[in-house]
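Heads up, the thing below is written out as structure tokens.
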Amino acid sequence: MTVWDDLVGQEKASEPLAAAARDADAFVTAAAADGPLPQATSMTHAWLFTGPPGSGVSQTARAFAAALQCVSPDRALGGVPGCGFCDGCHTALIGTHADVSTVVAVGAEIRAQDMRDTVRKSFTSPANGRWQIILVEEAERLNEKSANAVLKAVEEPAPRTVWLLCAPSVEDVLPTIRSRCRHLNLRTPSVGAVADMLVRREGVEPDVAAAAASATQGHVDRARRLATDPAARARRAAVLKLPLRVEDVGAALKAAQELVDAAAEDAKQLAEEMDTKETEELKAALGAAQGGRLPRGTAGVIKDLEADQKRRRARTQRNSLDLALSDLTAFYRDVLAYQLGSRVAIANADAEDAVERLARGGSPESTLRRIEAIAACGEALDRNVPPLLAVEAMTMALRSG
């Protein structure tokens, strides 16, 4: 199975990427043989991948990175780079390739200090791969200083360096950066394509796959998690019960507290899995003996790591709340569809009874106000309003309609 087979519903995007990977392979092969370099090429040094959440923007960029690093012998026989099995493809896909660097936001933004070493690395030759690749997930989170650092690197890149930037839309990236990138826009995969993927690649039962794909409206990662993780299904079920629980003030406030507590528990679980391991690895790298004291002058490094871990916990909690808000929005959208007599299939077929009950008990205008209240909650979280206050305001608005 090639790397392009992993791009669900993105056939139009895989074609130009496969062509660019072939041209990139020809360039590297000719350079290694000291032969004449290809003149016409669809390959470029900077790419901007955009698309709505769940369209697989980061996965597409990583698949392209794997194709650029492909070392399959089939390439010499006319095969398309990106076999999916060779060492270059495998390590690029799982994130361990020495010449594929991934930059992600630890907290709410990608800071200049997070980019410093990566930008420096972008000016070096590949260590053992065919290209030096920098993959920036959530490029919309670059702050002013880190964006300027990326701009300078993209303006004058090293000959064998490729930048892959991922963002929801071109407007989320500085005009000076996007003007130097080749833009590739992805679309949301169809519900049918996502369900088919879950059946073929994850071994999910067809009815479960169809329900997960419909509930997430084509969001590949969320559909996969919902179909394969019982805990994810339980969390979603709890969220979808919230609209029926906000009948009085006390119940609304209690529902808000439980929603925030569940998000905090998600962040805590991630911290327990990662923080201790990261801290011990850093202490060992700094030369501290097992259970011993840190060498003099290294305490500041540990504090920096702890600060990053705190930002990551806050980001994880926010991501969990965003997921709950998305589920609530989809629920009330189904309610609105019922109230307006729409024949479009509802996303939350497993909660159809609750959808019908709320549809009969309210008006389209009140449902729209509730959807606006959910959006306002997300905006409040963006402004760093304490999560509990933002969610309480939302549940109170859901109660009043």
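Ordered as shown in the structure tokens, chains take letters A, B, and onward, while each chain numbers its residues from 1 and ligands are numbered from 1 in the order shown.
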Can you pull out every residue within 8 Å of stretch 75-91 of chain A, counting only C-alpha atoms, but drop anything in the same chain fewer than 2 positions away, and send it as a short mmCIF file (atom, residue, chain, number, x, y, z; two decimals) with all heavy atoms, in the first residue's frame?
```
data_model
loop_
_atom_site.label_atom_id
_atom_site.label_comp_id
_atom_site.auth_asym_id
_atom_site.auth_seq_id
_atom_site.Cartn_x
_atom_site.Cartn_y
_atom_site.Cartn_z
N MET A 1 0.85 -1.19 0.00
CA MET A 1 0.00 0.00 0.00
C MET A 1 0.88 1.24 0.00
O MET A 1 1.73 1.42 0.86
CB MET A 1 -0.90 0.01 1.23
CG MET A 1 -1.89 1.16 1.26
SD MET A 1 -3.07 1.06 2.63
CE MET A 1 -1.97 1.28 4.03
N THR A 2 0.71 2.12 -1.01
CA THR A 2 1.53 3.31 -1.11
C THR A 2 1.06 4.36 -0.11
O THR A 2 -0.02 4.27 0.47
CB THR A 2 1.46 3.90 -2.53
OG1 THR A 2 0.15 4.45 -2.74
CG2 THR A 2 1.72 2.83 -3.58
N VAL A 3 1.89 5.38 0.07
CA VAL A 3 1.52 6.46 1.00
C VAL A 3 0.30 7.21 0.51
O VAL A 3 -0.43 7.81 1.31
CB VAL A 3 2.70 7.43 1.20
CG1 VAL A 3 3.89 6.73 1.81
CG2 VAL A 3 3.09 8.10 -0.13
N TRP A 4 0.05 7.20 -0.80
CA TRP A 4 -1.09 7.93 -1.34
C TRP A 4 -2.41 7.23 -1.01
O TRP A 4 -3.46 7.87 -1.02
CB TRP A 4 -0.95 8.07 -2.86
CG TRP A 4 0.41 8.55 -3.26
CD1 TRP A 4 1.35 7.86 -3.97
CD2 TRP A 4 1.00 9.81 -2.94
NE1 TRP A 4 2.49 8.61 -4.11
CE2 TRP A 4 2.31 9.81 -3.50
CE3 TRP A 4 0.57 10.93 -2.25
CZ2 TRP A 4 3.17 10.89 -3.37
CZ3 TRP A 4 1.44 12.01 -2.12
CH2 TRP A 4 2.72 11.98 -2.68
N ALA A 18 2.18 13.34 -6.30
CA ALA A 18 2.92 12.22 -6.87
C ALA A 18 3.80 12.69 -8.02
O ALA A 18 4.96 12.24 -8.16
CB ALA A 18 1.95 11.14 -7.34
N ALA A 21 6.75 14.45 -6.52
CA ALA A 21 7.68 13.48 -5.93
C ALA A 21 8.53 12.81 -7.01
O ALA A 21 9.73 12.56 -6.80
CB ALA A 21 6.91 12.44 -5.13
N ARG A 22 7.93 12.54 -8.16
CA ARG A 22 8.70 11.95 -9.27
C ARG A 22 9.77 12.92 -9.76
O ARG A 22 10.93 12.54 -10.00
CB ARG A 22 7.78 11.57 -10.41
CG ARG A 22 6.98 10.30 -10.18
CD ARG A 22 6.35 9.80 -11.47
NE ARG A 22 5.37 10.76 -11.99
CZ ARG A 22 4.08 10.72 -11.71
NH1 ARG A 22 3.60 9.78 -10.91
NH2 ARG A 22 3.26 11.61 -12.23
N ASP A 25 12.54 13.16 -7.21
CA ASP A 25 13.39 11.98 -7.28
C ASP A 25 14.36 12.08 -8.46
O ASP A 25 15.55 11.75 -8.33
CB ASP A 25 12.52 10.73 -7.41
CG ASP A 25 13.34 9.46 -7.47
OD1 ASP A 25 14.00 9.13 -6.47
OD2 ASP A 25 13.33 8.80 -8.53
N ALA A 63 2.57 12.30 4.13
CA ALA A 63 2.65 11.33 3.03
C ALA A 63 3.58 11.85 1.94
O ALA A 63 4.38 11.09 1.36
CB ALA A 63 1.26 11.06 2.47
N PHE A 64 3.49 13.15 1.66
CA PHE A 64 4.38 13.75 0.66
C PHE A 64 5.83 13.70 1.13
O PHE A 64 6.74 13.39 0.35
CB PHE A 64 3.95 15.20 0.41
CG PHE A 64 4.71 15.90 -0.68
CD1 PHE A 64 5.01 15.26 -1.87
CD2 PHE A 64 5.13 17.21 -0.51
CE1 PHE A 64 5.72 15.92 -2.88
CE2 PHE A 64 5.83 17.87 -1.50
CZ PHE A 64 6.12 17.23 -2.69
N ALA A 66 7.11 11.47 3.06
CA ALA A 66 7.55 10.08 2.91
C ALA A 66 7.91 9.78 1.46
O ALA A 66 8.92 9.11 1.18
CB ALA A 66 6.44 9.13 3.39
N ALA A 67 7.11 10.28 0.52
CA ALA A 67 7.40 10.06 -0.89
C ALA A 67 8.72 10.70 -1.29
O ALA A 67 9.49 10.14 -2.10
CB ALA A 67 6.26 10.59 -1.76
N LEU A 68 9.01 11.88 -0.74
CA LEU A 68 10.28 12.54 -1.05
C LEU A 68 11.47 11.77 -0.49
O LEU A 68 12.58 11.82 -1.06
CB LEU A 68 10.28 13.97 -0.49
CG LEU A 68 9.28 14.95 -1.11
CD1 LEU A 68 9.36 16.29 -0.42
CD2 LEU A 68 9.53 15.11 -2.60
N GLN A 69 11.27 11.05 0.59
CA GLN A 69 12.36 10.29 1.21
C GLN A 69 12.39 8.83 0.75
O GLN A 69 13.23 8.05 1.22
CB GLN A 69 12.25 10.34 2.74
CG GLN A 69 12.25 11.73 3.35
CD GLN A 69 13.59 12.44 3.25
OE1 GLN A 69 14.44 12.07 2.44
NE2 GLN A 69 13.78 13.46 4.07
N CYS A 70 11.50 8.45 -0.15
CA CYS A 70 11.37 7.05 -0.57
C CYS A 70 12.67 6.55 -1.22
O CYS A 70 13.25 7.22 -2.07
CB CYS A 70 10.21 6.91 -1.56
SG CYS A 70 9.92 5.21 -2.09
N VAL A 71 13.10 5.38 -0.79
CA VAL A 71 14.33 4.77 -1.35
C VAL A 71 14.02 3.41 -1.96
O VAL A 71 14.90 2.57 -2.13
CB VAL A 71 15.41 4.63 -0.26
CG1 VAL A 71 15.92 5.98 0.18
CG2 VAL A 71 14.89 3.84 0.94
N SER A 72 12.78 3.16 -2.31
CA SER A 72 12.41 1.89 -2.93
C SER A 72 13.12 1.72 -4.27
O SER A 72 13.17 2.66 -5.09
CB SER A 72 10.89 1.83 -3.15
OG SER A 72 10.55 0.75 -3.97
N PRO A 73 13.65 0.55 -4.55
CA PRO A 73 14.32 0.32 -5.85
C PRO A 73 13.34 0.39 -7.02
O PRO A 73 13.77 0.54 -8.17
CB PRO A 73 14.91 -1.08 -5.69
CG PRO A 73 14.12 -1.73 -4.60
CD PRO A 73 13.74 -0.62 -3.67
N LEU A 93 6.83 8.36 7.93
CA LEU A 93 5.42 8.27 8.31
C LEU A 93 5.24 8.19 9.82
O LEU A 93 4.28 8.73 10.38
CB LEU A 93 4.76 7.05 7.65
CG LEU A 93 4.54 7.15 6.13
CD1 LEU A 93 4.04 5.82 5.59
CD2 LEU A 93 3.55 8.26 5.80
N ILE A 94 6.15 7.50 10.52
CA ILE A 94 5.99 7.35 11.96
C ILE A 94 6.72 8.45 12.74
O ILE A 94 6.66 8.49 13.97
CB ILE A 94 6.48 5.97 12.45
CG1 ILE A 94 8.00 5.81 12.24
CG2 ILE A 94 5.73 4.87 11.74
CD1 ILE A 94 8.54 4.51 12.82
N GLY A 95 7.41 9.35 12.02
CA GLY A 95 8.01 10.51 12.68
C GLY A 95 9.39 10.31 13.24
O GLY A 95 9.81 11.07 14.12
N THR A 96 10.14 9.31 12.76
CA THR A 96 11.49 9.07 13.29
C THR A 96 12.58 9.30 12.26
O THR A 96 13.75 9.03 12.55
CB THR A 96 11.60 7.62 13.82
OG1 THR A 96 11.34 6.69 12.76
CG2 THR A 96 10.62 7.39 14.96
N HIS A 97 12.25 9.78 11.08
CA HIS A 97 13.27 10.03 10.05
C HIS A 97 14.16 11.19 10.48
O HIS A 97 13.67 12.24 10.90
CB HIS A 97 12.61 10.33 8.72
CG HIS A 97 13.52 10.19 7.54
ND1 HIS A 97 14.60 11.03 7.32
CD2 HIS A 97 13.54 9.29 6.52
CE1 HIS A 97 15.22 10.68 6.21
NE2 HIS A 97 14.61 9.62 5.71
N GLY A 129 19.01 11.17 4.34
CA GLY A 129 17.86 11.09 3.45
C GLY A 129 18.12 11.81 2.14
O GLY A 129 19.24 12.26 1.86
#
```
Distance query stretch 339-347 of chain A at most 9 Å, only C-alpha atoms, self and fewer than 3 positions along chain excluded, as number ranges by chain: A: 211, 213-217, 330-331, 333-336, 350, 352, 356, 359-360, 362-364
Next, dump the selected residues to file, keeping only N, CA and C atoms, as an mmCIF file, in the first residue's frame.
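Okay, this is what ended up in part_17.cif:
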```cif
data_model
loop_
_atom_site.group_PDB
_atom_site.id
_atom_site.type_symbol
_atom_site.label_atom_id
_atom_site.label_comp_id
_atom_site.auth_asym_id
_atom_site.auth_seq_id
_atom_site.Cartn_x
_atom_site.Cartn_y
_atom_site.Cartn_z
ATOM 1 N N ALA A 211 -21.772 4.881 11.314
ATOM 2 C CA ALA A 211 -22.227 5.766 12.391
ATOM 3 C C ALA A 211 -21.124 6.748 12.793
ATOM 4 N N ALA A 213 -18.526 7.780 10.944
ATOM 5 C CA ALA A 213 -18.282 8.732 9.853
ATOM 6 C C ALA A 213 -19.379 9.776 9.786
ATOM 7 N N SER A 214 -20.620 9.357 10.005
ATOM 8 C CA SER A 214 -21.730 10.303 9.967
ATOM 9 C C SER A 214 -21.674 11.273 11.148
ATOM 10 N N ALA A 215 -21.365 10.741 12.326
ATOM 11 C CA ALA A 215 -21.327 11.586 13.518
ATOM 12 C C ALA A 215 -20.257 12.656 13.431
ATOM 13 N N THR A 216 -19.156 12.357 12.776
ATOM 14 C CA THR A 216 -18.042 13.304 12.676
ATOM 15 C C THR A 216 -18.046 14.066 11.362
ATOM 16 N N GLN A 217 -19.019 13.758 10.484
ATOM 17 C CA GLN A 217 -19.178 14.478 9.219
ATOM 18 C C GLN A 217 -17.892 14.516 8.395
ATOM 19 N N ALA A 330 -23.104 20.122 16.186
ATOM 20 C CA ALA A 330 -23.703 19.158 15.259
ATOM 21 C C ALA A 330 -25.064 18.694 15.769
ATOM 22 N N PHE A 331 -25.181 18.541 17.074
ATOM 23 C CA PHE A 331 -26.451 18.106 17.663
ATOM 24 C C PHE A 331 -27.543 19.142 17.405
ATOM 25 N N ARG A 333 -27.554 21.423 15.190
ATOM 26 C CA ARG A 333 -27.787 21.544 13.748
ATOM 27 C C ARG A 333 -28.823 20.498 13.306
ATOM 28 N N ASP A 334 -28.732 19.301 13.897
ATOM 29 C CA ASP A 334 -29.739 18.282 13.611
ATOM 30 C C ASP A 334 -31.116 18.720 14.112
ATOM 31 N N VAL A 335 -31.137 19.338 15.299
ATOM 32 C CA VAL A 335 -32.406 19.850 15.838
ATOM 33 C C VAL A 335 -33.007 20.866 14.869
ATOM 34 N N LEU A 336 -32.180 21.765 14.378
ATOM 35 C CA LEU A 336 -32.652 22.787 13.446
ATOM 36 C C LEU A 336 -33.181 22.155 12.157
ATOM 37 N N ASP A 350 -27.781 8.213 16.303
ATOM 38 C CA ASP A 350 -27.868 7.466 17.557
ATOM 39 C C ASP A 350 -28.529 8.281 18.674
ATOM 40 N N GLU A 352 -31.280 10.317 17.941
ATOM 41 C CA GLU A 352 -32.433 10.867 17.218
ATOM 42 C C GLU A 352 -33.598 11.186 18.147
ATOM 43 N N GLU A 356 -35.349 14.854 18.305
ATOM 44 C CA GLU A 356 -36.779 15.084 18.073
ATOM 45 C C GLU A 356 -37.440 15.775 19.269
ATOM 46 N N ALA A 359 -36.463 19.368 19.268
ATOM 47 C CA ALA A 359 -37.040 20.042 18.108
ATOM 48 C C ALA A 359 -38.506 20.388 18.360
ATOM 49 N N ARG A 360 -39.245 19.469 18.989
ATOM 50 C CA ARG A 360 -40.659 19.735 19.275
ATOM 51 C C ARG A 360 -40.836 20.772 20.381
ATOM 52 N N GLY A 362 -38.959 23.457 21.035
ATOM 53 C CA GLY A 362 -38.409 24.792 20.798
ATOM 54 C C GLY A 362 -38.705 25.280 19.399
ATOM 55 N N SER A 363 -38.148 26.420 19.074
ATOM 56 C CA SER A 363 -38.338 27.021 17.753
ATOM 57 C C SER A 363 -36.993 27.104 17.030
ATOM 58 N N PRO A 364 -37.026 27.276 15.714
ATOM 59 C CA PRO A 364 -35.760 27.442 14.992
ATOM 60 C C PRO A 364 -34.950 28.624 15.509
#
```
Contacts of A:Ile371 at 8 Å or less, counting only C-alpha atoms, minus same-chain residues fewer than 3 places along, as number ranges by chain? A: 329, 332-333, 367-368, 374-375
Identify, on the basis of only C-alpha atoms, every residue whose closest approach to stretch 224-237 of chain A does not exceed 8 Å; exclude the query and any residue fewer than 3 positions from it along the same chain; express the result as number ranges by chain. A: 198, 202, 204, 208-209, 212, 220-221, 240-241, 324, 327
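Computed from the coordinates, the atom CA of A:Glu156 to atom CA of A:Ser125 distance equals 14.1 Å.
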Contacts of stretch 253-265 of chain A within 10 Å, only C-alpha atoms, excl. fewer than 6 positions in-chain, as a ChimeraX atom specification: /A:235,238-239,241-243,245-246,271,313-314,316-324,387-396
Sort by chain and increasing residue number a table of all residues of stretch 77-140 of chain A within 6 Å of stretch 159-173 of chain A, each with its closest pair of atoms and their distance in Å to one decimal, counting only C-alpha atoms, and write it as a Markdown table.
```
| residue | atom | partner | partner_atom | distance |
| --- | --- | --- | --- | --- |
| A:Trp131 | CA | A:Arg160 | CA | 5.3 |
| A:Gln132 | CA | A:Thr161 | CA | 4.5 |
| A:Ile133 | CA | A:Val162 | CA | 4.8 |
| A:Ile134 | CA | A:Trp163 | CA | 4.9 |
| A:Leu135 | CA | A:Leu164 | CA | 4.7 |
| A:Val136 | CA | A:Leu165 | CA | 4.9 |
| A:Glu137 | CA | A:Cys166 | CA | 5.1 |
| A:Glu138 | CA | A:Ala167 | CA | 5.2 |
| A:Ala139 | CA | A:Ala167 | CA | 5.3 |
| A:Glu140 | CA | A:Asp172 | CA | 5.0 |
```
Requested write-out: all heavy atoms of the selected residues, as a CSV table (one decimal), in the first residue's frame:
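Output contents, as saved in result02.csv:
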```csv
chain,number,residue,atom,x,y,z
A,131,TRP,N,16.1,14.5,1.1
A,131,TRP,CA,15.8,15.9,1.3
A,131,TRP,C,15.8,16.2,2.8
A,131,TRP,O,15.5,15.3,3.6
A,131,TRP,CB,14.4,16.2,0.7
A,131,TRP,CG,14.3,16.0,-0.8
A,131,TRP,CD1,14.0,14.9,-1.4
A,131,TRP,CD2,14.5,17.0,-1.8
A,131,TRP,NE1,14.0,15.1,-2.8
A,131,TRP,CE2,14.3,16.4,-3.0
A,131,TRP,CE3,14.8,18.4,-1.7
A,131,TRP,CZ2,14.5,17.1,-4.2
A,131,TRP,CZ3,15.0,19.1,-2.9
A,131,TRP,CH2,14.8,18.4,-4.1
A,132,GLN,N,16.0,17.5,3.1
A,132,GLN,CA,15.8,18.0,4.4
A,132,GLN,C,14.4,18.6,4.5
A,132,GLN,O,14.2,19.6,3.8
A,132,GLN,CB,16.9,19.1,4.7
A,132,GLN,CG,16.8,19.6,6.2
A,132,GLN,CD,17.4,18.6,7.2
A,132,GLN,OE1,16.6,17.9,7.8
A,132,GLN,NE2,18.7,18.5,7.3
A,133,ILE,N,13.5,18.0,5.2
A,133,ILE,CA,12.1,18.4,5.2
A,133,ILE,C,11.7,18.9,6.5
A,133,ILE,O,12.0,18.3,7.6
A,133,ILE,CB,11.2,17.2,4.8
A,133,ILE,CG1,11.6,16.6,3.4
A,133,ILE,CG2,9.8,17.5,4.9
A,133,ILE,CD1,10.9,15.4,3.0
A,134,ILE,N,11.1,20.1,6.5
A,134,ILE,CA,10.5,20.7,7.7
A,134,ILE,C,9.0,20.8,7.6
A,134,ILE,O,8.5,21.4,6.7
A,134,ILE,CB,11.1,22.2,7.9
A,134,ILE,CG1,12.6,22.2,7.7
A,134,ILE,CG2,10.6,22.7,9.2
A,134,ILE,CD1,13.4,21.4,8.7
A,135,LEU,N,8.3,20.0,8.4
A,135,LEU,CA,6.9,20.0,8.4
A,135,LEU,C,6.3,20.8,9.6
A,135,LEU,O,6.6,20.5,10.8
A,135,LEU,CB,6.4,18.5,8.6
A,135,LEU,CG,4.9,18.2,8.8
A,135,LEU,CD1,4.1,18.9,7.7
A,135,LEU,CD2,4.7,16.7,8.9
A,136,VAL,N,5.6,21.9,9.3
A,136,VAL,CA,5.1,22.7,10.3
A,136,VAL,C,3.6,22.5,10.4
A,136,VAL,O,2.8,22.9,9.5
A,136,VAL,CB,5.3,24.2,10.0
A,136,VAL,CG1,4.8,25.1,11.1
A,136,VAL,CG2,6.8,24.5,9.8
A,137,GLU,N,3.1,21.8,11.4
A,137,GLU,CA,1.7,21.6,11.6
A,137,GLU,C,1.1,22.8,12.3
A,137,GLU,O,1.8,23.5,13.1
A,137,GLU,CB,1.4,20.4,12.5
A,137,GLU,CG,1.9,19.1,11.9
A,137,GLU,CD,1.6,17.9,12.7
A,137,GLU,OE1,1.0,18.0,13.8
A,137,GLU,OE2,1.9,16.7,12.3
A,138,GLU,N,-0.1,23.2,12.0
A,138,GLU,CA,-0.8,24.4,12.5
A,138,GLU,C,0.1,25.6,12.3
A,138,GLU,O,0.4,26.4,13.3
A,138,GLU,CB,-1.1,24.2,14.0
A,138,GLU,CG,-2.0,23.0,14.3
A,138,GLU,CD,-2.2,22.7,15.8
A,138,GLU,OE1,-1.2,22.7,16.5
A,138,GLU,OE2,-3.4,22.6,16.2
A,139,ALA,N,0.4,25.9,11.1
A,139,ALA,CA,1.2,27.1,10.8
A,139,ALA,C,0.5,28.4,11.2
A,139,ALA,O,1.1,29.4,11.3
A,139,ALA,CB,1.6,27.1,9.3
A,140,GLU,N,-0.8,28.3,11.3
A,140,GLU,CA,-1.6,29.5,11.7
A,140,GLU,C,-1.2,29.9,13.1
A,140,GLU,O,-1.6,31.0,13.6
A,140,GLU,CB,-3.1,29.2,11.6
A,140,GLU,CG,-3.7,28.3,12.7
A,140,GLU,CD,-3.5,26.8,12.4
A,140,GLU,OE1,-2.8,26.5,11.5
A,140,GLU,OE2,-4.1,26.0,13.1
```
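A straight line drawn from atom CA of A:Val8 to atom CA of A:Phe49 is 15.1 Å long.
The residue that comes closest to A:Gly51, out of A:His219, A:Ala193, A:Asn185, A:Ala252 and on the basis of only C-alpha atoms, is A:Asn185.
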List as number ranges by chain the protein and nucleic acid residues near stretch 9-12 of chain A, meaning an atom at most 9 Å away when only C-alpha atoms are counted, but skip any in the same chain fewer than 5 places from it. A: 4, 55-56, 60, 186-190, 193-194
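Pairwise distance (atom CA of A:Arg315, atom CA of A:Leu48) equals 23.9 Å.
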